[in-house]
>>> print(open('final-v6.cif').read())   # mmCIF, C-alpha atoms and all ligand atoms
data_input
#
loop_
_atom_site.label_atom_id
_atom_site.label_comp_id
_atom_site.auth_asym_id
_atom_site.auth_seq_id
_atom_site.Cartn_x
_atom_site.Cartn_y
_atom_site.Cartn_z
CA MET A 1377 0.77 -0.41 3.97
CA GLN A 1378 -0.55 -0.03 7.41
CA PHE A 1379 -3.69 1.27 9.07
CA ALA A 1380 -3.09 3.87 11.74
CA LYS A 1381 -4.49 2.63 15.06
CA PRO A 1382 -6.88 5.53 15.70
CA LEU A 1383 -8.72 4.52 12.53
CA LEU A 1384 -9.82 1.34 14.26
CA ALA A 1385 -12.55 3.16 16.17
CA ALA A 1386 -13.82 4.91 13.05
CA PHE A 1387 -13.88 1.66 11.15
CA ALA A 1388 -15.64 -0.17 13.98
CA ALA A 1389 -18.25 2.57 14.01
CA THR A 1390 -18.79 2.28 10.25
CA PHE A 1391 -19.55 -1.41 10.43
CA ALA A 1392 -21.32 -1.35 13.79
CA LEU A 1393 -23.76 1.29 12.66
CA GLY A 1394 -24.41 -0.59 9.43
CA SER A 1395 -24.32 2.91 8.03
CA MET A 1396 -25.02 1.87 4.46
CA ALA A 1397 -28.45 0.46 3.81
CA ALA A 1398 -28.51 -2.41 1.28
CA LEU A 1399 -28.59 -1.08 -2.24
CA PRO A 1400 -30.39 -2.88 -5.02
CA ALA A 1401 -28.20 -5.18 -7.09
CA HIS A 1402 -26.51 -3.77 -10.17
CA ALA A 1403 -28.98 -3.50 -13.02
CA ASP A 1404 -27.18 -6.03 -15.22
CA LEU A 1405 -24.72 -7.85 -13.04
CA ASP A 1406 -26.38 -10.25 -10.67
CA ALA A 1407 -23.81 -9.87 -7.92
CA ALA A 1408 -25.29 -12.44 -5.58
CA SER A 1409 -25.27 -15.24 -8.14
CA LEU A 1410 -21.85 -14.20 -9.45
CA LYS A 1411 -20.53 -14.33 -5.89
CA GLN A 1412 -21.87 -17.88 -5.62
CA LEU A 1413 -20.17 -18.88 -8.87
CA ILE A 1414 -16.88 -17.30 -7.78
CA GLU A 1415 -17.03 -19.03 -4.40
CA THR A 1416 -17.78 -22.43 -5.94
CA SER A 1417 -14.84 -22.09 -8.32
CA PHE A 1418 -12.68 -20.81 -5.43
CA GLU A 1419 -13.51 -23.89 -3.35
CA SER A 1420 -12.12 -26.25 -6.00
CA GLU A 1421 -9.09 -23.99 -6.68
CA TYR A 1422 -8.23 -23.39 -3.03
CA PRO A 1423 -5.89 -26.34 -2.38
CA LYS A 1424 -3.58 -24.99 -5.12
CA LEU A 1425 -3.87 -21.40 -3.88
CA ASP A 1426 -3.19 -22.53 -0.31
CA ALA A 1427 -0.03 -24.34 -1.39
CA LEU A 1428 1.09 -21.28 -3.41
CA TYR A 1429 0.37 -18.91 -0.52
CA LYS A 1430 2.24 -21.00 2.05
CA ASP A 1431 5.21 -21.52 -0.28
CA ILE A 1432 5.49 -17.79 -0.98
CA HIS A 1433 4.97 -17.00 2.71
CA ALA A 1434 7.72 -19.40 3.78
CA HIS A 1435 10.14 -18.09 1.12
CA PRO A 1436 9.71 -14.33 0.91
CA GLU A 1437 11.96 -12.09 -1.17
CA ILE A 1438 12.80 -8.47 -0.64
CA ALA A 1439 12.50 -5.47 -3.00
CA PHE A 1440 13.95 -6.20 -6.47
CA GLN A 1441 15.14 -9.65 -5.34
CA GLU A 1442 11.74 -11.28 -6.08
CA GLU A 1443 12.98 -13.59 -8.85
CA LYS A 1444 11.71 -16.91 -7.49
CA THR A 1445 8.40 -15.37 -6.41
CA ALA A 1446 7.91 -13.87 -9.88
CA ALA A 1447 8.77 -17.20 -11.52
CA LYS A 1448 6.15 -18.99 -9.38
CA LEU A 1449 3.48 -16.46 -10.39
CA ALA A 1450 4.51 -16.60 -14.06
CA ALA A 1451 4.03 -20.39 -14.06
CA GLU A 1452 0.59 -20.09 -12.42
CA MET A 1453 -0.58 -17.45 -14.89
CA ARG A 1454 0.67 -19.38 -17.93
CA ALA A 1455 -1.20 -22.44 -16.65
CA ILE A 1456 -4.40 -20.35 -16.54
CA GLY A 1457 -3.82 -19.24 -20.14
CA PHE A 1458 -2.25 -15.79 -19.73
CA GLU A 1459 0.54 -14.54 -21.98
CA VAL A 1460 3.30 -13.63 -19.53
CA THR A 1461 6.22 -11.23 -19.95
CA GLU A 1462 8.88 -11.46 -17.24
CA LYS A 1463 11.48 -8.99 -16.00
CA VAL A 1464 9.42 -5.84 -16.57
CA GLY A 1465 10.84 -3.24 -14.18
CA ARG A 1466 13.63 -5.65 -13.17
CA THR A 1467 11.64 -8.43 -11.44
CA GLY A 1468 8.04 -7.51 -12.39
CA LEU A 1469 5.55 -9.49 -14.48
CA VAL A 1470 2.89 -8.52 -16.99
CA ALA A 1471 0.26 -11.17 -17.73
CA LEU A 1472 -2.31 -10.55 -20.47
CA TYR A 1473 -5.48 -12.45 -21.30
CA LYS A 1474 -7.36 -11.33 -24.39
CA ASN A 1475 -11.04 -12.15 -24.64
CA GLY A 1476 -12.47 -10.22 -27.58
CA ASP A 1477 -12.95 -6.49 -28.08
CA GLY A 1478 -13.37 -4.39 -25.01
CA PRO A 1479 -11.53 -2.39 -22.37
CA THR A 1480 -8.28 -3.37 -20.68
CA ILE A 1481 -8.63 -3.80 -16.93
CA MET A 1482 -5.50 -3.94 -14.78
CA VAL A 1483 -5.14 -5.83 -11.50
CA ARG A 1484 -1.94 -5.30 -9.56
CA THR A 1485 -0.24 -7.32 -6.86
CA GLU A 1486 3.01 -6.59 -5.10
CA LEU A 1487 5.82 -9.17 -5.01
CA ASP A 1488 8.06 -7.96 -2.21
CA ALA A 1489 8.48 -8.79 1.46
CA LEU A 1490 10.07 -6.91 4.38
CA PRO A 1491 13.56 -7.09 5.92
CA MET A 1492 12.34 -8.30 9.32
CA GLU A 1493 11.97 -11.49 11.34
CA GLU A 1494 8.63 -13.26 11.45
CA LYS A 1495 7.65 -14.34 14.97
CA THR A 1496 4.24 -15.90 14.37
CA GLY A 1497 5.38 -19.47 15.06
CA LEU A 1498 3.12 -20.65 12.22
CA PRO A 1499 4.11 -23.98 10.60
CA TYR A 1500 4.72 -22.09 7.34
CA ALA A 1501 6.52 -19.14 8.96
CA SER A 1502 9.55 -17.75 7.13
CA ARG A 1503 13.03 -18.46 8.47
CA ASP A 1504 14.69 -17.21 5.28
CA LYS A 1505 17.45 -14.62 5.31
CA THR A 1506 18.95 -12.35 2.70
CA THR A 1507 21.46 -9.56 2.33
CA TRP A 1508 19.89 -6.14 2.39
CA GLN A 1509 21.89 -2.91 2.22
CA GLY A 1510 25.07 -4.78 3.04
CA ARG A 1511 23.70 -6.62 6.07
CA GLU A 1512 22.18 -10.04 6.61
CA THR A 1513 18.53 -9.89 7.62
CA PHE A 1514 15.51 -12.14 8.05
CA VAL A 1515 12.76 -11.66 5.47
CA SER A 1516 9.03 -11.95 6.04
CA HIS A 1517 5.72 -11.26 4.35
CA SER A 1518 4.53 -9.18 7.29
CA CYS A 1519 2.59 -6.79 5.05
CA GLY A 1520 0.41 -9.49 3.49
CA HIS A 1521 1.72 -9.18 -0.08
CA ASP A 1522 1.60 -13.01 -0.20
CA ILE A 1523 -2.16 -12.81 0.46
CA HIS A 1524 -2.39 -10.34 -2.44
CA MET A 1525 -0.46 -12.69 -4.77
CA ALA A 1526 -2.68 -15.68 -3.96
CA SER A 1527 -5.78 -13.49 -4.41
CA TRP A 1528 -4.36 -12.21 -7.72
CA VAL A 1529 -3.89 -15.72 -9.10
CA GLY A 1530 -7.30 -16.77 -7.76
CA THR A 1531 -8.95 -13.73 -9.37
CA ALA A 1532 -7.27 -14.50 -12.71
CA LYS A 1533 -8.62 -18.05 -12.55
CA ALA A 1534 -12.13 -16.89 -11.59
CA LEU A 1535 -12.27 -14.33 -14.41
CA VAL A 1536 -11.13 -16.87 -16.99
CA THR A 1537 -13.75 -19.31 -15.67
CA LEU A 1538 -16.35 -16.52 -16.11
CA LYS A 1539 -15.07 -15.38 -19.50
CA ASP A 1540 -18.51 -15.55 -21.09
CA ARG A 1541 -19.50 -12.69 -18.73
CA TRP A 1542 -17.05 -10.08 -20.03
CA LYS A 1543 -15.21 -8.92 -23.18
CA GLY A 1544 -11.85 -7.22 -23.31
CA THR A 1545 -8.34 -7.73 -21.95
CA LEU A 1546 -7.14 -8.63 -18.48
CA MET A 1547 -3.81 -7.05 -17.61
CA PHE A 1548 -2.51 -8.64 -14.43
CA ILE A 1549 0.71 -7.06 -13.20
CA ALA A 1550 2.98 -8.25 -10.38
CA GLN A 1551 5.01 -5.34 -9.17
CA PRO A 1552 8.35 -5.47 -7.34
CA ALA A 1553 9.56 -3.24 -4.52
CA GLU A 1554 6.38 -1.63 -3.23
CA GLU A 1555 7.80 -1.35 0.28
CA VAL A 1556 10.59 0.91 -0.92
CA GLY A 1557 8.24 2.89 -3.17
CA ALA A 1558 10.24 2.14 -6.32
CA GLY A 1559 8.61 -0.80 -8.11
CA ALA A 1560 5.70 0.94 -9.84
CA MET A 1561 8.04 3.54 -11.29
CA ALA A 1562 10.47 0.80 -12.38
CA MET A 1563 7.69 -0.94 -14.34
CA LEU A 1564 6.44 2.31 -15.88
CA SER A 1565 9.95 3.34 -16.94
CA ASP A 1566 10.34 -0.09 -18.51
CA GLY A 1567 7.39 0.54 -20.83
CA LEU A 1568 4.47 -0.84 -18.82
CA PHE A 1569 1.99 1.38 -20.63
CA THR A 1570 3.80 1.56 -23.98
CA ARG A 1571 4.99 -2.01 -24.60
CA PHE A 1572 1.66 -3.26 -23.23
CA PRO A 1573 -1.84 -1.77 -23.49
CA LYS A 1574 -2.53 1.20 -21.24
CA PRO A 1575 -5.39 0.04 -19.00
CA ASP A 1576 -8.78 1.75 -18.99
CA VAL A 1577 -9.27 0.94 -15.30
CA GLY A 1578 -6.94 -0.31 -12.54
CA PHE A 1579 -7.48 -2.17 -9.28
CA ALA A 1580 -5.40 -3.23 -6.30
CA LEU A 1581 -6.26 -4.56 -2.88
CA HIS A 1582 -4.48 -4.63 0.45
CA SER A 1583 -4.95 -6.82 3.46
CA GLY A 1584 -6.11 -4.55 6.23
CA GLY A 1585 -4.46 -5.79 9.40
CA GLY A 1586 -6.55 -6.20 12.51
CA VAL A 1587 -8.92 -3.38 11.75
CA PHE A 1588 -11.75 -5.49 10.41
CA PRO A 1589 -12.46 -9.21 10.06
CA PHE A 1590 -12.04 -11.46 7.05
CA GLY A 1591 -15.13 -11.47 4.88
CA HIS A 1592 -15.20 -7.66 5.11
CA VAL A 1593 -14.18 -5.17 2.41
CA GLY A 1594 -13.34 -1.53 3.04
CA TYR A 1595 -12.91 1.26 0.52
CA THR A 1596 -12.52 5.00 0.34
CA VAL A 1597 -13.93 7.52 -2.07
CA GLY A 1598 -11.24 9.96 -3.23
CA VAL A 1599 -7.92 10.14 -1.36
CA ARG A 1600 -6.93 6.75 0.00
CA SER A 1601 -3.29 7.13 1.15
CA SER A 1602 -0.78 9.90 1.72
CA HIS A 1603 1.90 11.76 -0.18
CA ALA A 1604 5.22 10.73 1.39
CA ASP A 1605 8.12 13.16 1.08
CA GLY A 1606 11.58 12.79 2.59
CA LEU A 1607 13.24 15.65 4.46
CA PHE A 1608 16.97 16.27 4.99
CA ILE A 1609 18.22 19.32 6.88
CA ARG A 1610 21.80 20.16 7.86
CA PHE A 1611 22.19 23.01 10.38
CA LYS A 1612 25.63 24.51 10.01
CA GLY A 1613 27.19 26.05 13.14
CA ARG A 1614 30.68 26.60 14.51
CA GLY A 1615 32.05 24.02 16.90
CA GLY A 1616 33.90 24.61 20.15
CA HIS A 1617 34.13 23.91 23.89
CA GLY A 1618 30.88 23.09 25.63
CA ALA A 1619 31.93 25.37 28.51
CA SER A 1620 32.25 28.39 26.18
CA PRO A 1621 29.13 28.45 24.04
CA GLN A 1622 29.55 32.16 23.38
CA ALA A 1623 32.48 31.27 21.09
CA THR A 1624 30.39 28.84 19.06
CA ILE A 1625 27.27 28.70 16.92
CA ASP A 1626 25.45 25.74 18.37
CA PRO A 1627 23.81 23.46 15.74
CA VAL A 1628 22.33 21.19 18.43
CA MET A 1629 20.38 24.20 19.74
CA MET A 1630 19.20 24.99 16.20
CA ALA A 1631 18.10 21.43 15.49
CA SER A 1632 16.29 21.17 18.84
CA ARG A 1633 14.49 24.46 18.33
CA PHE A 1634 13.57 23.51 14.77
CA VAL A 1635 12.06 20.14 15.73
CA VAL A 1636 9.74 21.94 18.15
CA ASP A 1637 9.02 25.11 16.12
CA VAL A 1638 8.25 23.30 12.87
CA GLN A 1639 5.19 21.73 14.52
CA SER A 1640 3.62 25.20 14.49
CA VAL A 1641 3.48 24.89 10.69
CA ILE A 1642 1.12 21.96 11.33
CA SER A 1643 -0.88 23.53 14.15
CA ARG A 1644 -1.00 27.20 13.07
CA GLU A 1645 -0.44 27.51 9.31
CA LYS A 1646 -2.20 24.44 7.95
CA ASP A 1647 -5.98 24.15 8.05
CA PRO A 1648 -6.59 21.95 11.12
CA LEU A 1649 -9.19 19.98 9.16
CA GLU A 1650 -6.59 18.93 6.58
CA PHE A 1651 -4.22 16.01 7.19
CA GLY A 1652 -0.52 16.80 7.45
CA VAL A 1653 2.31 15.35 9.52
CA VAL A 1654 6.02 16.01 9.79
CA SER A 1655 8.07 13.58 11.88
CA PHE A 1656 11.80 13.17 12.46
CA GLY A 1657 13.21 9.68 12.75
CA SER A 1658 16.88 10.62 12.80
CA LEU A 1659 18.82 13.48 14.46
CA HIS A 1660 22.60 13.29 14.46
CA ALA A 1661 25.14 15.73 15.88
CA GLY A 1662 28.46 15.56 17.62
CA THR A 1663 30.47 12.84 19.28
CA THR A 1664 30.81 13.63 22.98
CA GLY A 1665 29.26 15.69 25.77
CA ASN A 1666 31.67 18.61 26.10
CA VAL A 1667 32.24 19.45 22.43
CA ILE A 1668 29.75 21.58 20.56
CA PRO A 1669 29.78 20.12 17.04
CA ASP A 1670 29.92 21.95 13.71
CA GLU A 1671 26.67 20.62 12.37
CA ALA A 1672 23.46 18.74 13.10
CA VAL A 1673 21.63 16.61 10.54
CA LEU A 1674 17.95 15.74 10.66
CA LEU A 1675 16.04 13.20 8.59
CA GLY A 1676 12.29 13.29 8.52
CA THR A 1677 9.13 12.40 6.66
CA ILE A 1678 6.28 14.65 5.52
CA ARG A 1679 2.82 13.10 4.95
CA THR A 1680 -0.16 14.88 3.39
CA PHE A 1681 -3.26 14.04 1.36
CA LYS A 1682 -3.65 17.14 -0.80
CA PRO A 1683 -1.18 18.91 -3.14
CA ASP A 1684 -1.94 22.41 -1.77
CA VAL A 1685 -1.41 21.27 1.84
CA ARG A 1686 1.78 19.54 0.70
CA ALA A 1687 3.10 22.76 -0.90
CA LYS A 1688 2.18 24.82 2.18
CA MET A 1689 4.00 22.40 4.47
CA HIS A 1690 7.12 22.32 2.30
CA ASP A 1691 7.18 26.13 2.34
CA GLY A 1692 6.62 26.32 6.12
CA ILE A 1693 9.32 23.74 6.85
CA ARG A 1694 11.88 25.58 4.68
CA ARG A 1695 10.98 28.96 6.18
CA THR A 1696 11.19 27.66 9.77
CA ALA A 1697 14.58 26.02 9.19
CA LYS A 1698 16.02 29.21 7.66
CA ALA A 1699 14.54 31.35 10.44
CA VAL A 1700 16.02 29.13 13.16
CA ALA A 1701 19.46 29.48 11.53
CA ALA A 1702 19.02 33.24 11.19
CA MET A 1703 18.11 33.50 14.88
CA ALA A 1704 21.39 31.78 15.75
CA ASN A 1705 23.32 33.99 13.33
CA ALA A 1706 24.30 30.83 11.47
CA PRO A 1707 24.68 30.27 7.72
CA GLU A 1708 21.60 29.11 5.83
CA PRO A 1709 20.96 25.40 6.43
CA ASP A 1710 21.03 22.81 3.66
CA ILE A 1711 17.41 21.77 3.08
CA ASN A 1712 16.50 18.96 0.75
CA ILE A 1713 12.91 17.80 0.37
CA THR A 1714 12.60 14.76 -1.87
CA GLU A 1715 9.17 14.25 -3.31
CA GLY A 1716 8.34 10.58 -2.86
CA VAL A 1717 5.31 8.43 -3.39
CA LYS A 1718 2.15 10.41 -4.09
CA ALA A 1719 -1.31 9.95 -2.61
CA VAL A 1720 -3.51 7.25 -4.13
CA VAL A 1721 -6.76 8.88 -5.24
CA ASN A 1722 -9.64 6.53 -6.05
CA ASP A 1723 -11.68 7.41 -9.12
CA ALA A 1724 -15.28 8.36 -8.33
CA ALA A 1725 -16.86 6.58 -11.34
CA VAL A 1726 -14.84 3.37 -10.91
CA VAL A 1727 -15.68 3.31 -7.18
CA ALA A 1728 -19.37 4.03 -7.80
CA SER A 1729 -19.63 1.13 -10.23
CA ALA A 1730 -17.71 -1.35 -8.04
CA GLU A 1731 -19.55 -0.18 -4.93
CA LYS A 1732 -22.95 -1.22 -6.32
CA VAL A 1733 -21.77 -4.73 -7.14
CA LEU A 1734 -19.76 -5.18 -3.94
CA LYS A 1735 -22.64 -3.88 -1.82
CA ALA A 1736 -25.01 -6.36 -3.40
CA ALA A 1737 -22.54 -9.18 -2.78
CA PHE A 1738 -21.13 -8.26 0.65
CA GLY A 1739 -24.05 -6.34 2.21
CA ASP A 1740 -23.08 -4.74 5.52
CA LYS A 1741 -19.66 -6.37 5.28
CA LEU A 1742 -18.74 -3.61 2.83
CA GLY A 1743 -17.88 -0.31 4.50
CA VAL A 1744 -16.34 3.05 3.77
CA VAL A 1745 -13.03 3.46 5.59
CA PRO A 1746 -11.09 6.65 6.24
CA PRO A 1747 -7.92 7.24 4.20
CA VAL A 1748 -4.70 5.87 5.68
CA THR A 1749 -1.74 8.04 6.62
CA ALA A 1750 0.66 5.48 5.14
CA SER A 1751 1.71 5.60 1.48
CA GLU A 1752 1.61 3.29 -1.51
CA ASP A 1753 3.20 3.54 -4.95
CA PHE A 1754 0.03 2.34 -6.72
CA SER A 1755 -0.37 6.13 -7.08
CA GLU A 1756 2.12 6.03 -9.97
CA TYR A 1757 -0.38 4.17 -12.17
CA VAL A 1758 -3.21 6.49 -11.14
CA ASP A 1759 -1.00 9.49 -11.88
CA SER A 1760 -0.19 8.06 -15.29
CA GLY A 1761 -3.88 8.40 -16.12
CA VAL A 1762 -5.44 5.07 -15.10
CA PRO A 1763 -8.72 5.66 -13.22
CA SER A 1764 -8.48 3.23 -10.35
CA MET A 1765 -9.77 1.80 -7.11
CA PHE A 1766 -7.64 0.57 -4.23
CA PHE A 1767 -9.54 -1.28 -1.50
CA ASN A 1768 -8.89 -3.28 1.64
CA ILE A 1769 -9.85 -6.73 2.90
CA GLY A 1770 -9.99 -7.99 6.48
CA VAL A 1771 -7.66 -10.79 7.61
CA TYR A 1772 -8.63 -11.85 11.14
CA ASP A 1773 -11.28 -13.96 12.79
CA PRO A 1774 -14.39 -11.86 13.57
CA GLU A 1775 -14.35 -12.94 17.23
CA ARG A 1776 -10.76 -11.83 17.74
CA VAL A 1777 -11.50 -8.51 16.03
CA ALA A 1778 -14.57 -7.98 18.25
CA ALA A 1779 -12.52 -8.83 21.35
CA ALA A 1780 -9.78 -6.39 20.31
CA ARG A 1781 -12.37 -3.66 19.80
CA ASN A 1782 -13.74 -4.31 23.27
CA GLY A 1783 -10.41 -3.85 25.01
CA GLY A 1784 -9.12 -7.43 24.53
CA PRO A 1785 -5.70 -8.38 23.16
CA PRO A 1786 -4.74 -6.06 20.28
CA LEU A 1787 -4.34 -7.74 16.89
CA PRO A 1788 -0.98 -7.45 15.13
CA LEU A 1789 -1.23 -5.05 12.20
CA ASN A 1790 0.76 -5.02 8.96
CA HIS A 1791 4.54 -4.78 9.53
CA SER A 1792 4.24 -6.47 12.93
CA PRO A 1793 6.41 -9.62 13.31
CA LEU A 1794 3.21 -11.29 14.55
CA PHE A 1795 1.05 -10.33 11.53
CA ALA A 1796 -0.81 -13.54 10.65
CA PRO A 1797 -3.83 -13.43 8.33
CA VAL A 1798 -6.13 -16.47 8.33
CA PRO A 1799 -5.33 -17.69 4.81
CA LYS A 1800 -8.47 -19.28 3.38
CA PRO A 1801 -11.22 -16.79 4.29
CA THR A 1802 -8.88 -13.86 3.63
CA ILE A 1803 -7.87 -15.04 0.16
CA GLN A 1804 -11.51 -15.92 -0.54
CA THR A 1805 -12.53 -12.35 0.34
CA GLY A 1806 -9.77 -11.03 -1.93
CA VAL A 1807 -10.71 -13.24 -4.88
CA THR A 1808 -14.45 -12.59 -4.60
CA ALA A 1809 -14.16 -8.83 -4.12
CA MET A 1810 -11.53 -8.35 -6.84
CA THR A 1811 -13.35 -10.55 -9.38
CA LEU A 1812 -16.58 -8.62 -8.81
CA ALA A 1813 -14.76 -5.29 -9.00
CA VAL A 1814 -13.20 -6.22 -12.36
CA LEU A 1815 -16.56 -7.44 -13.69
CA SER A 1816 -18.13 -4.14 -12.60
CA ALA A 1817 -15.48 -2.24 -14.56
CA PHE A 1818 -16.06 -4.28 -17.74
CA ASP A 1819 -19.78 -3.68 -17.32
CA GLN A 1820 -19.33 0.05 -16.69
CA ARG A 1821 -17.13 0.48 -19.76
CA ALA A 1822 -19.45 -1.65 -21.93
CA LYS A 1823 -22.23 0.77 -21.08
CA GLY A 1824 -19.95 3.71 -21.94
CA GLN A 1825 -20.22 5.18 -18.43
ZN ZN B 1901 3.92 -2.66 3.87
ZN ZN B 1902 1.85 -3.54 1.79
#
>>> encode(input="final-v6.cif", output="structure tokens")
Amino acid sequence: MQFAKPLLAAFAATFALGSMAALPAHADLDAASLKQLIETSFESEYPKLDALYKDIHAHPEIAFQEEKTAAKLAAEMRAIGFEVTEKVGRTGLVALYKNGDGPTIMVRTELDALPMEEKTGLPYASRDKTTWQGRETFVSHSCGHDIHMASWVGTAKALVTLKDRWKGTLMFIAQPAEEVGAGAMAMLSDGLFTRFPKPDVGFALHSGGGVFPFGHVGYTVGVRSSHADGLFIRFKGRGGHGASPQATIDPVMMASRFVVDVQSVISREKDPLEFGVVSFGSLHAGTTGNVIPDEAVLLGTIRTFKPDVRAKMHDGIRRTAKAVAAMANAPEPDINITEGVKAVVNDAAVVASAEKVLKAAFGDKLGVVPPVTASEDFSEYVDSGVPSMFFNIGVYDPERVAAARNGGPPLPLNHSPLFAPVPKPTIQTGVTAMTLAVLSAFDQRAKGQ
């Protein structure tokens, strides 16, 4: 996941204005004293978490190859007392901890890294390589999924330490292949919610790049990330000599016109207040300058937040492509829109309950953030009927973040080869925020809210 850069200003404004006045602590959960307890336990656990984080960081594994990573997490969770099932959804893990009658609360981490070279120069930087889609590549945890794994283990430990404060079942899942948008579905198809209890509430966190400092937590109410659909279009023309275009039907002309015209679906058909983007990352036609080719192929991505905007954009894109072909007197183009990862929508009641506790614990270091235009397959669990909350934690030193906001050196965001969270305060933020969020959900369900 990645924050879009323009959001930086909005986020800075949220925190700078201190727009949320301190709310009273949750009626039953004393967030401030719980935070203290969590932080004290974290302090004694941290040397182990630090070693785990740096080991996973130095030895990342890519989508569906995460066998060693999963084995490391399985060992940690068994040591804490969880019952662990391995190889769910190929390389995924399900870890359960039963503590009396009560709801099942799910906490998810990702396992996978990215096929890219890390250039941070950190002593624990990854130099590992793997084979990915037939080619050798470096691998790195440049999206912070290693931070999420360490926070996940730390949260499990904190919740077991605090087990007299809640009743129910913890369902900690470690999901493969988030970066390719396939891991959540792999776990669900492998019986995640049938072989194991279907959770009453779900949580996940993501490290938030350079947008806000460590110690800070950001969340959204409602839509949190985008629908991501793939687009394939083949314009079919009739090839010939570049000097005699009248004897051809030029697919390069069609593709060029389409790339420009389709943006009017965004600017004229869609409500300007609604988010929607169509971008083309690949356009292929022909082999040389003086031959008009037979066809042109475009690959693109469509991002939206809302289903009705999504449907309108799909319709507009199809209509524009067919119209461009009709204008050129060409056959109908091949159009294939593949519906990918859906938007993550945070549940209002789950957020409201967690918000009270997090606000009491984090004060003005908790802020509402705008949704991100990137996508995330945590939506699969939400769509399967698990009311959920997905939130973000800061990863960088507050002074560096302030300097970046004031025109200083920009901070590397997720997916940058220079992405380098500060481990201890970042993992501490993750553990504290996630533990409190889970406790808020147990409390909410216990009250029947
Ligand atoms: Zn990512
Ligand atoms: Zn990510």
>>> closest_residue(input="final-v6.cif", among="A:Gly1584, A:Pro1573, A:Gly1544, A:Gly1606", to="ligand ZN 1902 (chain B)", atoms="only C-alpha atoms and all ligand atoms")
A:Gly1584
>>> residues_near_ligand(input="final-v6.cif", ligand="ligand ZN 1901 (chain B)", cutoff="9 Å", atoms="all atoms listed in the file", output="PyMOL selection string")
chain A and resi 1377-1378+1489-1490+1517-1521+1554-1556+1750-1752+1790-1791
>>> write_last_selection(input="final-v6.cif", atoms="C-alpha atoms", output="CSV table (one decimal), in the frame of the given file")
chain,number,residue,atom,x,y,z
A,1377,MET,CA,0.8,-0.4,4.0
A,1378,GLN,CA,-0.6,0.0,7.4
A,1489,ALA,CA,8.5,-8.8,1.5
A,1490,LEU,CA,10.1,-6.9,4.4
A,1517,HIS,CA,5.7,-11.3,4.4
A,1518,SER,CA,4.5,-9.2,7.3
A,1519,CYS,CA,2.6,-6.8,5.0
A,1520,GLY,CA,0.4,-9.5,3.5
A,1521,HIS,CA,1.7,-9.2,-0.1
A,1554,GLU,CA,6.4,-1.6,-3.2
A,1555,GLU,CA,7.8,-1.4,0.3
A,1556,VAL,CA,10.6,0.9,-0.9
A,1750,ALA,CA,0.7,5.5,5.1
A,1751,SER,CA,1.7,5.6,1.5
A,1752,GLU,CA,1.6,3.3,-1.5
A,1790,ASN,CA,0.8,-5.0,9.0
A,1791,HIS,CA,4.5,-4.8,9.5
>>> closest_residue(input="final-v6.cif", among="A:Glu1452, A:Asp1522, A:Asp1626, A:Asp1684", to="Gly1652 (chain A)", atoms="all atoms listed in the file")
A:Asp1684
>>> closest_residue(input="final-v6.cif", among="A:Asp1723, A:Glu1731, A:Asp1691, A:Glu1486", to="ligand ZN 1902 (chain B)", atoms="only C-alpha atoms and all ligand atoms")
A:Glu1486
>>> axis_aligned_box(input="final-v6.cif", around="region 1617-1621 of chain A", padding_each_side="4 Å", output="AutoDock Vina command-line options")
--center_x 31.6 --center_y 25.8 --center_z 26.2 --size_x 13.0 --size_y 13.4 --size_z 12.6
>>> atom_distance(input="final-v6.cif", atom1="CA of Phe1418 (chain A)", atom2="CA of Leu1812 (chain A)")
13.2 Å
>>> residues_around(input="final-v6.cif", residues="Ala1730 (chain A)", least_positions_apart="3", cutoff="6 Å", atoms="all atoms listed in the file", output="list in words")
Val1727, Val1733, Leu1734, Ala1813 and Ser1816 of chain A
>>> residues_around(input="final-v6.cif", residues="Val1529 (chain A)", least_positions_apart="5", cutoff="9 Å", atoms="only C-alpha atoms", output="number ranges by chain")
A: 1425, 1449, 1452-1453, 1456, 1524, 1534, 1548, 1807
>>> residues_around(input="final-v6.cif", residues="Val1593 (chain A)", least_positions_apart="4", cutoff="6 Å", atoms="only C-alpha atoms", output="PyMOL selection string")
chain A and resi 1742+1768-1769
>>> write_last_selection(input="final-v6.cif", atoms="C-alpha atoms", output="short mmCIF file (atom, residue, chain, number, x, y, z; two decimals), keeping the file's coordinate frame")
data_model
loop_
_atom_site.label_atom_id
_atom_site.label_comp_id
_atom_site.auth_asym_id
_atom_site.auth_seq_id
_atom_site.Cartn_x
_atom_site.Cartn_y
_atom_site.Cartn_z
CA LEU A 1742 -18.74 -3.61 2.83
CA ASN A 1768 -8.89 -3.28 1.64
CA ILE A 1769 -9.85 -6.73 2.90
#
>>> closest_residue(input="final-v6.cif", among="A:Pro1491, A:Ser1527, A:Trp1508, A:Asp1753", to="ligand ZN 1902 (chain B)", atoms="only C-alpha atoms and all ligand atoms")
A:Asp1753
>>> atom_distance(input="final-v6.cif", atom1="CA of Phe1440 (chain A)", atom2="CA of Ser1760 (chain A)")
21.9 Å
>>> closest_residue(input="final-v6.cif", among="A:Val1653, A:Leu1487, A:Ala1434, A:Ala1672", to="Ala1447 (chain A)", atoms="only C-alpha atoms")
A:Leu1487
